[in-house]
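Peer 1: Enclosed is the structure file entry_22.cif (mmCIF, C-alpha atoms).
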```cif
data_model
loop_
_atom_site.label_atom_id
_atom_site.label_comp_id
_atom_site.auth_asym_id
_atom_site.auth_seq_id
_atom_site.Cartn_x
_atom_site.Cartn_y
_atom_site.Cartn_z
CA MET A 7 20.11 -36.20 1.60
CA THR A 8 22.65 -33.59 0.52
CA SER A 9 20.15 -31.84 -1.73
CA THR A 10 17.98 -30.69 1.16
CA ALA A 11 20.97 -29.94 3.38
CA THR A 12 22.40 -27.47 0.86
CA ALA A 13 19.18 -25.54 0.28
CA PRO A 14 19.90 -21.95 1.25
CA PRO A 15 17.83 -20.38 3.99
CA SER A 16 15.03 -18.25 2.60
CA THR A 17 16.32 -14.69 2.30
CA ALA A 18 14.73 -11.33 1.82
CA ALA A 19 14.91 -9.99 -1.74
CA ILE A 20 16.45 -6.80 -0.41
CA GLN A 21 18.11 -6.54 2.98
CA ALA A 22 19.86 -3.50 4.45
CA ARG A 23 21.89 -3.71 7.66
CA GLY A 24 23.13 -0.56 9.36
CA LEU A 25 23.29 1.08 5.95
CA SER A 26 24.67 4.63 5.85
CA ARG A 27 25.74 7.03 3.11
CA HIS A 28 27.30 10.28 4.21
CA TYR A 29 28.38 13.11 1.91
CA GLY A 30 30.71 15.12 4.09
CA ARG A 31 28.55 16.11 7.03
CA VAL A 32 25.29 15.32 5.25
CA ARG A 33 23.83 12.02 6.37
CA ALA A 34 21.74 11.17 3.28
CA VAL A 35 21.11 7.68 4.65
CA ASP A 36 21.81 7.13 8.30
CA ASP A 37 22.09 3.67 9.88
CA VAL A 38 19.14 2.12 8.06
CA SER A 39 18.07 -1.52 8.41
CA PHE A 40 15.15 -3.19 6.67
CA ALA A 41 14.19 -6.39 4.89
CA ILE A 42 11.85 -6.56 1.91
CA PRO A 43 10.37 -10.05 1.54
CA THR A 44 10.64 -11.73 -1.85
CA GLY A 45 7.57 -11.25 -4.02
CA THR A 46 6.05 -8.20 -2.36
CA ILE A 47 5.19 -4.73 -3.62
CA CYS A 48 6.83 -2.34 -1.18
CA GLY A 49 6.47 1.44 -1.08
CA LEU A 50 9.48 3.60 -0.23
CA LEU A 51 7.83 6.81 0.86
CA GLY A 52 9.08 10.12 2.16
CA ARG A 53 9.56 13.78 1.38
CA ASN A 54 11.86 15.12 -1.31
CA GLY A 55 15.43 14.85 -0.09
CA ALA A 56 14.52 12.30 2.61
CA GLY A 57 16.94 9.73 1.15
CA LYS A 58 14.71 7.59 -1.10
CA SER A 59 16.87 7.84 -4.21
CA THR A 60 20.08 7.29 -2.26
CA VAL A 61 18.64 4.11 -0.73
CA MET A 62 17.78 2.86 -4.23
CA GLN A 63 21.25 3.70 -5.53
CA LEU A 64 22.83 1.85 -2.59
CA VAL A 65 20.54 -1.14 -3.16
CA THR A 66 21.52 -1.36 -6.83
CA GLY A 67 25.24 -0.93 -6.20
CA GLN A 68 25.41 2.47 -7.91
CA GLU A 69 26.51 4.10 -4.68
CA PHE A 70 28.88 2.69 -2.08
CA PRO A 71 27.79 2.65 1.53
CA SER A 72 29.80 4.72 4.02
CA SER A 73 29.09 1.90 6.44
CA GLY A 74 26.78 -1.07 6.73
CA GLU A 75 25.75 -3.35 3.88
CA VAL A 76 22.96 -4.22 1.52
CA LEU A 77 22.19 -7.71 0.18
CA LEU A 78 20.06 -8.72 -2.81
CA ASP A 79 18.90 -12.32 -2.55
CA GLY A 80 21.65 -12.67 0.05
CA GLU A 81 24.46 -11.31 -2.14
CA HIS A 82 26.34 -8.01 -2.36
CA PRO A 83 25.24 -6.05 -5.44
CA VAL A 84 28.33 -3.96 -6.16
CA GLU A 85 29.90 -5.15 -9.45
CA ASN A 86 28.07 -8.45 -9.05
CA ALA A 87 26.78 -9.21 -12.54
CA ARG A 88 24.92 -12.33 -11.42
CA VAL A 89 22.80 -10.33 -8.96
CA LEU A 90 22.43 -7.21 -11.08
CA SER A 91 21.15 -9.22 -14.07
CA ARG A 92 18.05 -9.86 -11.96
CA VAL A 93 17.55 -6.18 -11.14
CA ALA A 94 15.77 -3.41 -13.04
CA PHE A 95 16.27 0.10 -11.66
CA ILE A 96 14.21 2.86 -13.24
CA LYS A 97 15.59 6.21 -12.17
CA GLU A 98 13.67 9.43 -11.87
CA SER A 99 16.27 11.27 -13.94
CA GLN A 100 17.45 8.64 -16.41
CA LYS A 101 19.88 10.12 -18.95
CA TYR A 102 20.05 8.93 -22.56
CA PRO A 103 22.56 9.63 -25.34
CA ASP A 104 21.72 12.83 -27.25
CA ASP A 105 20.62 11.23 -30.51
CA PHE A 106 18.64 8.40 -28.88
CA ARG A 107 15.01 7.74 -29.74
CA PRO A 108 12.67 5.54 -27.62
CA LYS A 109 12.97 2.71 -30.17
CA HIS A 110 16.71 2.53 -29.46
CA VAL A 111 16.05 2.13 -25.74
CA LEU A 112 13.55 -0.65 -26.41
CA ALA A 113 15.95 -2.36 -28.83
CA ALA A 114 18.77 -2.30 -26.27
CA ALA A 115 16.63 -3.52 -23.35
CA PRO A 116 16.77 -7.30 -24.09
CA SER A 117 20.55 -7.31 -23.62
CA PHE A 118 20.12 -5.94 -20.07
CA PHE A 119 17.05 -7.91 -18.97
CA GLU A 120 16.90 -11.65 -19.49
CA HIS A 121 13.12 -11.78 -18.89
CA TRP A 122 12.39 -8.89 -21.30
CA ASP A 123 9.00 -9.32 -23.02
CA ALA A 124 9.08 -7.43 -26.34
CA ASP A 125 5.38 -8.06 -27.12
CA PHE A 126 4.39 -6.67 -23.74
CA ALA A 127 6.65 -3.64 -24.34
CA ALA A 128 5.04 -3.05 -27.75
CA ARG A 129 1.57 -3.19 -26.20
CA LEU A 130 2.61 -0.67 -23.53
CA VAL A 131 4.06 1.67 -26.18
CA ASP A 132 0.59 1.73 -27.80
CA GLU A 133 -1.28 2.15 -24.53
CA PHE A 134 0.98 4.96 -23.29
CA ARG A 135 1.04 6.48 -26.82
CA LEU A 136 4.81 6.78 -26.73
CA PRO A 137 6.22 8.20 -30.00
CA VAL A 138 9.08 5.73 -30.52
CA ASN A 139 10.69 7.60 -33.43
CA THR A 140 10.98 11.01 -31.79
CA ARG A 141 14.32 12.12 -30.37
CA ILE A 142 14.26 11.66 -26.61
CA LYS A 143 15.48 15.27 -26.19
CA LYS A 144 12.20 16.44 -27.76
CA LEU A 145 9.91 14.36 -25.52
CA SER A 146 7.76 15.87 -22.79
CA ARG A 147 8.44 15.04 -19.12
CA GLY A 148 5.48 12.64 -19.17
CA GLN A 149 6.65 10.87 -22.32
CA LEU A 150 10.11 10.55 -20.80
CA SER A 151 8.56 8.97 -17.72
CA SER A 152 6.55 6.56 -19.85
CA ILE A 153 9.79 5.18 -21.34
CA GLY A 154 10.91 4.30 -17.81
CA VAL A 155 7.56 2.81 -16.89
CA ILE A 156 7.50 0.65 -20.04
CA VAL A 157 11.08 -0.57 -19.55
CA GLY A 158 10.49 -1.20 -15.82
CA LEU A 159 7.38 -3.30 -16.44
CA ALA A 160 8.47 -5.17 -19.59
CA ALA A 161 11.84 -6.07 -18.01
CA ARG A 162 9.96 -8.42 -15.63
CA ALA A 163 13.07 -8.33 -13.45
CA PRO A 164 12.78 -10.41 -10.25
CA ILE A 165 13.81 -7.30 -8.31
CA THR A 166 12.35 -4.12 -9.78
CA LEU A 167 13.04 -0.66 -8.34
CA LEU A 168 10.98 2.25 -9.60
CA ASP A 169 12.10 5.67 -8.35
CA GLU A 170 9.32 8.27 -8.81
CA PRO A 171 8.51 6.54 -12.11
CA TYR A 172 5.69 8.76 -13.26
CA LEU A 173 6.67 12.42 -12.94
CA GLY A 174 4.67 14.34 -15.52
CA LEU A 175 2.33 11.48 -16.37
CA ASP A 176 -1.31 12.55 -16.46
CA ALA A 177 -4.02 10.90 -14.35
CA VAL A 178 -5.08 8.55 -17.17
CA ALA A 179 -1.51 7.34 -17.74
CA ARG A 180 -0.92 6.89 -14.00
CA GLN A 181 -4.07 4.78 -13.67
CA LEU A 182 -2.92 2.75 -16.67
CA PHE A 183 0.42 2.22 -14.91
CA TYR A 184 -1.24 1.08 -11.65
CA ASP A 185 -3.61 -1.32 -13.42
CA THR A 186 -0.84 -2.75 -15.61
CA LEU A 187 1.49 -3.13 -12.64
CA LEU A 188 -1.12 -5.06 -10.64
CA ALA A 189 -2.14 -7.32 -13.53
CA ASP A 190 1.43 -8.11 -14.55
CA TYR A 191 2.54 -8.62 -10.95
CA ALA A 192 -0.32 -11.11 -10.45
CA ALA A 193 0.73 -13.03 -13.57
CA HIS A 194 4.49 -12.72 -12.94
CA PRO A 195 5.10 -12.25 -9.21
CA ARG A 196 8.26 -10.34 -8.36
CA THR A 197 9.69 -7.98 -5.79
CA ILE A 198 8.88 -4.36 -6.50
CA LEU A 199 10.22 -1.36 -4.57
CA LEU A 200 8.34 1.78 -5.59
CA SER A 201 9.19 5.26 -4.41
CA THR A 202 6.60 7.97 -4.84
CA HIS A 203 5.07 10.98 -3.19
CA LEU A 204 1.61 10.27 -4.65
CA ILE A 205 0.87 8.19 -1.59
CA ASP A 206 -2.94 8.23 -1.74
CA GLU A 207 -2.82 6.87 -5.27
CA VAL A 208 -0.62 3.87 -4.50
CA ALA A 209 -1.65 3.09 -0.91
CA ASP A 210 -3.92 0.18 -1.85
CA LEU A 211 -1.33 -1.37 -4.18
CA LEU A 212 1.29 -1.77 -1.47
CA GLU A 213 1.78 -4.80 0.74
CA HIS A 214 4.57 -3.24 2.76
CA VAL A 215 5.52 0.36 3.54
CA LEU A 216 8.87 1.91 4.39
CA VAL A 217 8.86 5.59 5.30
CA ILE A 218 12.17 7.40 5.29
CA ASP A 219 12.65 10.83 6.83
CA ASP A 220 15.89 12.72 7.15
CA GLY A 221 17.88 9.60 6.20
CA ARG A 222 16.23 7.33 8.76
CA ILE A 223 13.46 4.74 8.49
CA ILE A 224 10.57 5.94 10.67
CA ILE A 225 7.90 3.45 9.58
CA ASP A 226 8.50 -0.19 8.52
CA ALA A 227 5.16 -2.01 8.54
CA ALA A 228 2.59 -4.02 6.60
CA ALA A 229 0.37 -1.56 4.73
CA ASP A 230 -2.81 -3.08 6.14
CA ASP A 231 -1.48 -2.69 9.70
CA LEU A 232 -1.06 1.04 9.13
CA ARG A 233 -4.71 1.49 8.19
CA GLY A 234 -6.52 2.61 11.29
CA ARG A 235 -3.29 2.99 13.25
CA ALA A 236 -3.99 6.70 13.68
CA MET A 237 -7.30 8.48 14.10
CA THR A 238 -8.52 12.04 14.38
CA VAL A 239 -10.65 12.83 17.42
CA VAL A 240 -13.02 15.79 17.14
CA GLY A 241 -15.11 17.38 19.88
CA ARG A 242 -15.16 20.03 22.58
CA GLU A 243 -11.61 21.03 23.38
CA GLY A 244 -11.66 19.99 27.04
CA GLU A 245 -13.06 16.54 26.27
CA VAL A 246 -10.70 15.95 23.37
CA GLU A 247 -7.69 17.04 25.43
CA ALA A 248 -8.75 14.77 28.28
CA PHE A 249 -8.99 11.84 25.89
CA VAL A 250 -5.64 12.39 24.14
CA ARG A 251 -3.64 12.99 27.32
CA GLY A 252 -0.71 10.59 27.48
CA ARG A 253 -1.08 9.56 23.81
CA THR A 254 1.17 10.19 20.84
CA VAL A 255 -0.26 13.34 19.31
CA LEU A 256 0.62 13.84 15.64
CA HIS A 257 -1.35 16.99 14.94
CA ARG A 258 -3.72 19.53 16.49
CA ASP A 259 -6.28 21.81 14.86
CA ARG A 260 -8.69 24.17 16.60
CA LEU A 261 -11.85 25.89 15.42
CA GLY A 262 -13.37 28.03 18.17
CA SER A 263 -14.09 25.70 21.08
CA ILE A 264 -13.81 22.60 18.87
CA ALA A 265 -10.53 20.69 18.77
CA SER A 266 -9.42 18.13 16.19
CA VAL A 267 -6.45 16.05 17.32
CA THR A 268 -4.73 13.26 15.39
CA VAL A 269 -3.32 10.51 17.61
CA ASP A 270 -1.14 7.54 16.72
CA ASP A 271 -1.15 3.89 17.92
CA VAL A 272 -4.91 3.57 18.36
CA THR A 273 -6.56 0.30 19.41
CA ALA A 274 -10.15 -0.86 18.90
CA ALA A 275 -10.73 -0.24 22.63
CA ASP A 276 -9.54 3.36 22.19
CA ARG A 277 -12.06 3.86 19.41
CA ALA A 278 -14.87 2.48 21.53
CA ALA A 279 -13.82 4.69 24.44
CA ALA A 280 -13.73 7.80 22.26
CA THR A 281 -17.18 7.04 20.82
CA ALA A 282 -18.56 6.41 24.29
CA ALA A 283 -17.14 9.79 25.37
CA GLY A 284 -19.21 11.42 22.63
CA LEU A 285 -16.24 12.29 20.43
CA GLU A 286 -16.34 12.13 16.64
CA LEU A 287 -13.73 9.85 15.05
CA GLY A 288 -12.16 10.49 11.68
CA ALA A 289 -10.09 8.14 9.57
CA VAL A 290 -6.47 9.03 8.81
CA SER A 291 -5.22 7.99 5.39
CA LEU A 292 -1.72 6.58 4.87
CA GLN A 293 -0.79 9.87 3.21
CA GLN A 294 -2.02 11.90 6.18
CA LEU A 295 -0.25 9.56 8.61
CA ILE A 296 3.02 10.04 6.73
CA VAL A 297 2.56 13.81 6.38
CA ARG A 298 1.90 14.05 10.11
CA SER A 299 4.84 11.75 10.95
CA THR A 300 7.37 13.62 8.80
CA THR A 301 6.43 17.18 9.72
CA VAL A 302 7.90 19.11 12.61
CA ASP A 303 4.68 20.25 14.21
CA ASP A 304 4.93 23.14 16.69
CA SER A 305 1.46 22.44 18.07
CA THR A 306 2.52 19.11 19.59
CA GLY A 307 5.59 20.63 21.17
CA THR A 308 7.82 17.92 19.70
CA ALA A 309 9.31 16.95 16.38
CA ALA A 310 6.70 14.28 15.67
CA MET B 29 -12.10 1.52 0.64
CA ASP B 30 -12.58 2.76 4.20
CA GLU B 31 -9.29 4.32 5.36
CA SER B 32 -9.75 3.33 8.98
CA ARG B 33 -9.88 -0.46 8.59
CA PRO B 34 -7.63 -3.09 7.01
CA ILE B 35 -8.50 -3.75 3.36
CA PHE B 36 -8.51 -7.54 3.79
CA LEU B 37 -11.40 -7.29 6.28
CA GLN B 38 -13.33 -5.10 3.88
CA ILE B 39 -12.74 -7.59 1.04
CA ALA B 40 -14.04 -10.43 3.24
CA GLU B 41 -17.14 -8.39 4.12
CA LEU B 42 -17.82 -7.52 0.48
CA ILE B 43 -17.76 -11.19 -0.50
CA GLU B 44 -20.02 -12.03 2.45
CA SER B 45 -22.45 -9.31 1.37
CA GLU B 46 -22.56 -10.78 -2.14
CA ILE B 47 -23.40 -14.17 -0.63
CA LEU B 48 -26.13 -12.59 1.53
CA ALA B 49 -27.55 -10.72 -1.48
CA GLY B 50 -27.67 -13.96 -3.48
CA ALA B 51 -25.18 -12.72 -6.08
CA LEU B 52 -22.94 -15.61 -5.04
CA LEU B 53 -24.83 -18.83 -4.33
CA GLU B 54 -23.63 -21.79 -2.30
CA GLY B 55 -21.57 -24.07 -4.52
CA MET B 56 -20.73 -21.27 -6.94
CA GLN B 57 -17.14 -20.35 -7.71
CA ALA B 58 -15.97 -17.17 -5.97
CA PRO B 59 -13.90 -14.58 -7.87
CA SER B 60 -10.16 -15.30 -7.91
CA THR B 61 -7.77 -13.16 -5.88
CA THR B 62 -6.39 -11.79 -9.16
CA GLU B 63 -9.89 -10.71 -10.23
CA ILE B 64 -10.61 -9.19 -6.83
CA ALA B 65 -7.27 -7.33 -6.84
CA ALA B 66 -7.81 -5.96 -10.36
CA PHE B 67 -11.43 -4.95 -9.68
CA HIS B 68 -10.73 -3.12 -6.42
CA ARG B 69 -7.23 -2.00 -7.52
CA ILE B 70 -5.58 -3.53 -4.47
CA ASN B 71 -2.52 -5.65 -3.81
CA PRO B 72 -3.18 -9.34 -4.70
CA ALA B 73 -1.63 -10.47 -1.40
CA THR B 74 -4.18 -8.34 0.45
CA ALA B 75 -7.02 -9.86 -1.60
CA LEU B 76 -5.66 -13.34 -0.79
CA LYS B 77 -5.63 -12.48 2.91
CA GLY B 78 -9.33 -11.54 2.75
CA VAL B 79 -10.21 -14.76 0.93
CA THR B 80 -8.11 -16.83 3.37
CA LEU B 81 -10.05 -15.32 6.26
CA LEU B 82 -13.29 -16.59 4.69
CA VAL B 83 -11.75 -20.04 4.16
CA ASP B 84 -10.74 -20.13 7.85
CA GLU B 85 -14.31 -19.21 8.80
CA GLY B 86 -15.79 -21.93 6.59
CA ILE B 87 -17.50 -19.45 4.26
CA LEU B 88 -15.39 -20.42 1.26
CA VAL B 89 -13.81 -23.79 0.47
CA LYS B 90 -10.72 -24.32 -1.62
CA ARG B 91 -10.74 -26.93 -4.35
CA ARG B 92 -7.15 -27.57 -5.25
CA GLY B 93 -6.25 -26.45 -8.74
CA ILE B 94 -9.71 -25.06 -9.48
CA GLY B 95 -10.33 -22.18 -7.12
CA MET B 96 -12.56 -21.01 -4.29
CA PHE B 97 -16.21 -21.98 -3.90
CA VAL B 98 -18.98 -20.82 -1.60
CA ALA B 99 -19.36 -23.44 1.16
CA ASP B 100 -22.63 -25.21 1.96
CA GLY B 101 -24.30 -23.38 4.83
CA ALA B 102 -22.20 -20.24 4.24
CA ARG B 103 -25.24 -17.95 4.05
CA ASP B 104 -26.65 -19.17 7.38
CA ARG B 105 -23.29 -18.75 9.10
CA ILE B 106 -22.94 -15.17 7.83
CA LEU B 107 -26.54 -14.38 8.85
CA ALA B 108 -25.98 -15.76 12.35
CA ARG B 109 -22.81 -13.73 12.84
CA ARG B 110 -24.24 -10.49 11.47
CA ARG B 111 -27.34 -10.89 13.66
CA ALA B 112 -25.10 -11.46 16.68
CA THR B 113 -23.20 -8.22 16.08
CA PHE B 114 -26.23 -6.19 14.89
CA ASP B 115 -26.86 -4.52 18.26
CA ASP B 116 -23.26 -3.36 18.64
CA ASP B 117 -22.94 -2.32 15.01
CA PHE B 118 -26.28 -0.55 14.54
CA VAL B 119 -28.57 -0.37 17.57
CA THR B 120 -26.07 1.10 20.05
CA PRO B 121 -24.92 3.91 17.70
CA ILE B 122 -28.50 4.89 16.78
CA LEU B 123 -29.51 4.94 20.46
CA ALA B 124 -26.52 7.15 21.25
CA GLU B 125 -27.38 9.60 18.46
CA ALA B 126 -31.07 9.57 19.47
CA ALA B 127 -30.16 10.35 23.08
CA ALA B 128 -27.84 13.17 21.97
CA ILE B 129 -30.68 14.95 20.13
CA GLY B 130 -33.44 14.21 22.66
CA ILE B 131 -35.29 11.29 21.08
CA ASP B 132 -36.21 8.71 23.72
CA PRO B 133 -36.35 4.97 22.91
CA ASP B 134 -40.17 4.92 22.58
CA GLN B 135 -40.10 7.81 20.14
CA LEU B 136 -37.29 6.05 18.26
CA ILE B 137 -39.41 2.90 17.93
CA ASP B 138 -42.32 5.01 16.58
CA ARG B 139 -40.02 6.59 14.05
CA ILE B 140 -38.70 3.22 12.93
CA ARG B 141 -42.27 1.91 12.51
CA LYS B 142 -43.22 4.93 10.41
CA ALA B 143 -40.10 4.75 8.28
CA ALA B 144 -40.30 0.99 7.64
CA PRO B 145 -41.81 0.06 4.29
CA ARG B 146 -45.01 -1.95 4.60
#
```
Show me the file's structure as structure tokens.
Peer 2:
Amino acid sequence: MTSTATAPPSTAAIQARGLSRHYGRVRAVDDVSFAIPTGTICGLLGRNGAGKSTVMQLVTGQEFPSSGEVLLDGEHPVENARVLSRVAFIKESQKYPDDFRPKHVLAAAPSFFEHWDADFAARLVDEFRLPVNTRIKKLSRGQLSSIGVIVGLAARAPITLLDEPYLGLDAVARQLFYDTLLADYAAHPRTILLSTHLIDEVADLLEHVLVIDDGRIIIDAAADDLRGRAMTVVGREGEVEAFVRGRTVLHRDRLGSIASVTVDDVTAADRAAATAAGLELGAVSLQQLIVRSTTVDDSTGTAA
Amino acid sequence: MDESRPIFLQIAELIESEILAGALLEGMQAPSTTEIAAFHRINPATALKGVTLLVDEGILVKRRGIGMFVADGARDRILARRRATFDDDFVTPILAEAAAIGIDPDQLIDRIRKAAPR
């Protein structure tokens, strides 16, 4: 029975433990721990400069942690060819040699990615209308992004990291990316970590959400659990204030005698109570929840 | 999708509504989670969670290797449950709004009679 005894315990695709990266006094990533289950699409969300790109560079072994560790399928990534051959990392600001054209990138890709699907890549080149023979220097920001998107999808890497993959892509191309990502993920399940600030657009695609702010993880939850976690209560100021007393207030607005207050950690009983009190309830989107959670809001008297 | 509620619950309700409307008949194959995910542009795992909920409730049955099918008696079970929650879901809110704008229950009943198609 040695075969069953040696089976490794199931591990997260990406696991960070006490991970930190400091640049002098700047704590770009500060004591971060999380686990991304194998085979999920996870969003890494946060403001510019929050630490998203640094987390991705640490995960892919391109940066060294100041302390803590990161494991991919249970192994350290730094200079670990066996692990890194299963990883595709599409960077926001990928640099290419000066005389490169997109066709050169696509020709080189199979030597980096063992699951590379050239037919799929060719189809994506058509759909994204990428001019493969133009010098990369001459491409628009959107066309540059589409190279990354095509490589990231056609690589079919078991662990795929996409860092702001679609800067400059228009709405049609972004929708094409979302639809292609979902279809290809369904046919070829893999672990995908996607960083973006277009939160409303990707909210429904995500199974798990990590929100990073100021180098720290402030939300680590299943995407569906975050829906309905916060609500906005609208009504006469006195009644609204009475209802929200003692709750986590994320935001306050006022219009004359009407107050609109966003509160976190809401239960079904809270909703019923608010309705019974004659207050109007408004839904809070994932984007609004994150905006409210990562903004220092003077009206609540605390750094929310 | 409604921002205030989990997507998997909304997926389950949509499938139930199709069964109620007769678009999905008992014994018919239900859409696959991949089809549901692509159509609604949602995560396939979330679509699966919605379908699994309906399997647990006996609305859908799984036939291994083929897919999901609408269970016998599914329509009656959905009807019974929706009728049981109808007062909370619809009657209570309309009574509250009627009271807020000065329509008493008798007047409300008259209005419903007038508005109902004959």
Peer 1: List every protein, DNA or RNA residue with an atom no more than 7 Å from (-10.8, -18.2, -4.5) in the file's coordinates, counting only C-alpha atoms, and format the result as a PyMOL selection string.
Peer 2: chain B and resi 58-61+79+90+95-97
Peer 1: Take the PyMOL selection byres ((chain A and resi 159-176) around 8), apply it to the structure above, and return the hits as a count of residues only.
Peer 2: 47
Peer 1: Expanded to explicit residues, what is the PyMOL selection byres ((chain B) within 6 of (chain A)) for this file, as number ranges by chain?
Peer 2: B: 31-34, 70-71
Peer 1: List the neighbours of A:Lys109 out to 9 Å using all atoms listed in the file; skip same-chain residues closer than 5 positions along the sequence, and give me the result as a ChimeraX atom specification.
Peer 2: /A:114,137-140
Peer 1: Can you list, as a list in words, the residues that the PyMOL selection byres ((chain A and resi 71-76) around 9) selects here?
Peer 2: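 Taken over the shown coordinates, the PyMOL selection byres ((chain A and resi 71-76) around 9) returns Ile20, Gln21, Ala22, Arg23, Gly24, Leu25, Ser26, Arg27, His28, Tyr29, Val35, Asp37, Val38, Ser39, Leu64, Val65, Thr66, Gly67, Glu69, Phe70, Leu77, Leu78, Gly80, Glu81, His82 and Pro83 of chain A.
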Peer 1: Grab the atom CA of A:Arg277 to atom CA of A:Ser299 distance for me, in Å with one decimal place.
Peer 2: 20.5 Å
Peer 1: Atom CA of A:Ala113 and atom CA of A:Arg141 are how many Å apart?
Peer 2: 14.7 Å
Peer 1: For B:Leu82, which residue among B:Leu53, B:Ile39, B:Gln135, B:Ile129 is the nearest when counting all atoms listed in the file?
Peer 2: B:Ile39
Peer 1: At what distance in Å, to one decimal, does atom CA of A:Phe249 lie from atom CA of A:Leu295?
Peer 2: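 Going from atom CA of A:Leu295 over to atom CA of A:Phe249 covers 19.5 Å.
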Peer 1: Which residue is closest to A:Tyr102? Choose from A:Leu145, A:Val255, A:Val297, A:Ala128 and count all atoms listed in the file.
Peer 2: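 Ranked by minimum distance to A:Tyr102, first place goes to A:Leu145.
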Peer 1: Could you list, as a list in words, every residue within 8 Å of stretch 218-221 of chain A, counting only C-alpha atoms and ignoring same-chain residues fewer than 2 positions away?
Peer 2: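 Contacts, with the query itself left out: Arg33, Ala34, Val35, Asp36, Val38, Leu50, Leu51, Gly52, Arg53, Gly55, Ala56, Gly57, Lys58, Leu216, Ile223, Ile224, Ile225 and Thr300 of chain A.
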Peer 1: I need every residue sitting at most 12 Å from the point (-14.3, -28.7, 0.2) (coordinates as in the file, all atoms listed in the file considered), written as a ChimeraX atom specification.
Peer 2: /B:54-55,57,83,86-92,94-100
Peer 1: If we count all atoms listed in the file and set the cut-off at 8 Å, which residues sit around B:Leu107, ignoring sequence neighbours fewer than 4 positions away in its own chain? Please answer as a PyMOL selection string.
Peer 2: chain B and resi 48+103+111
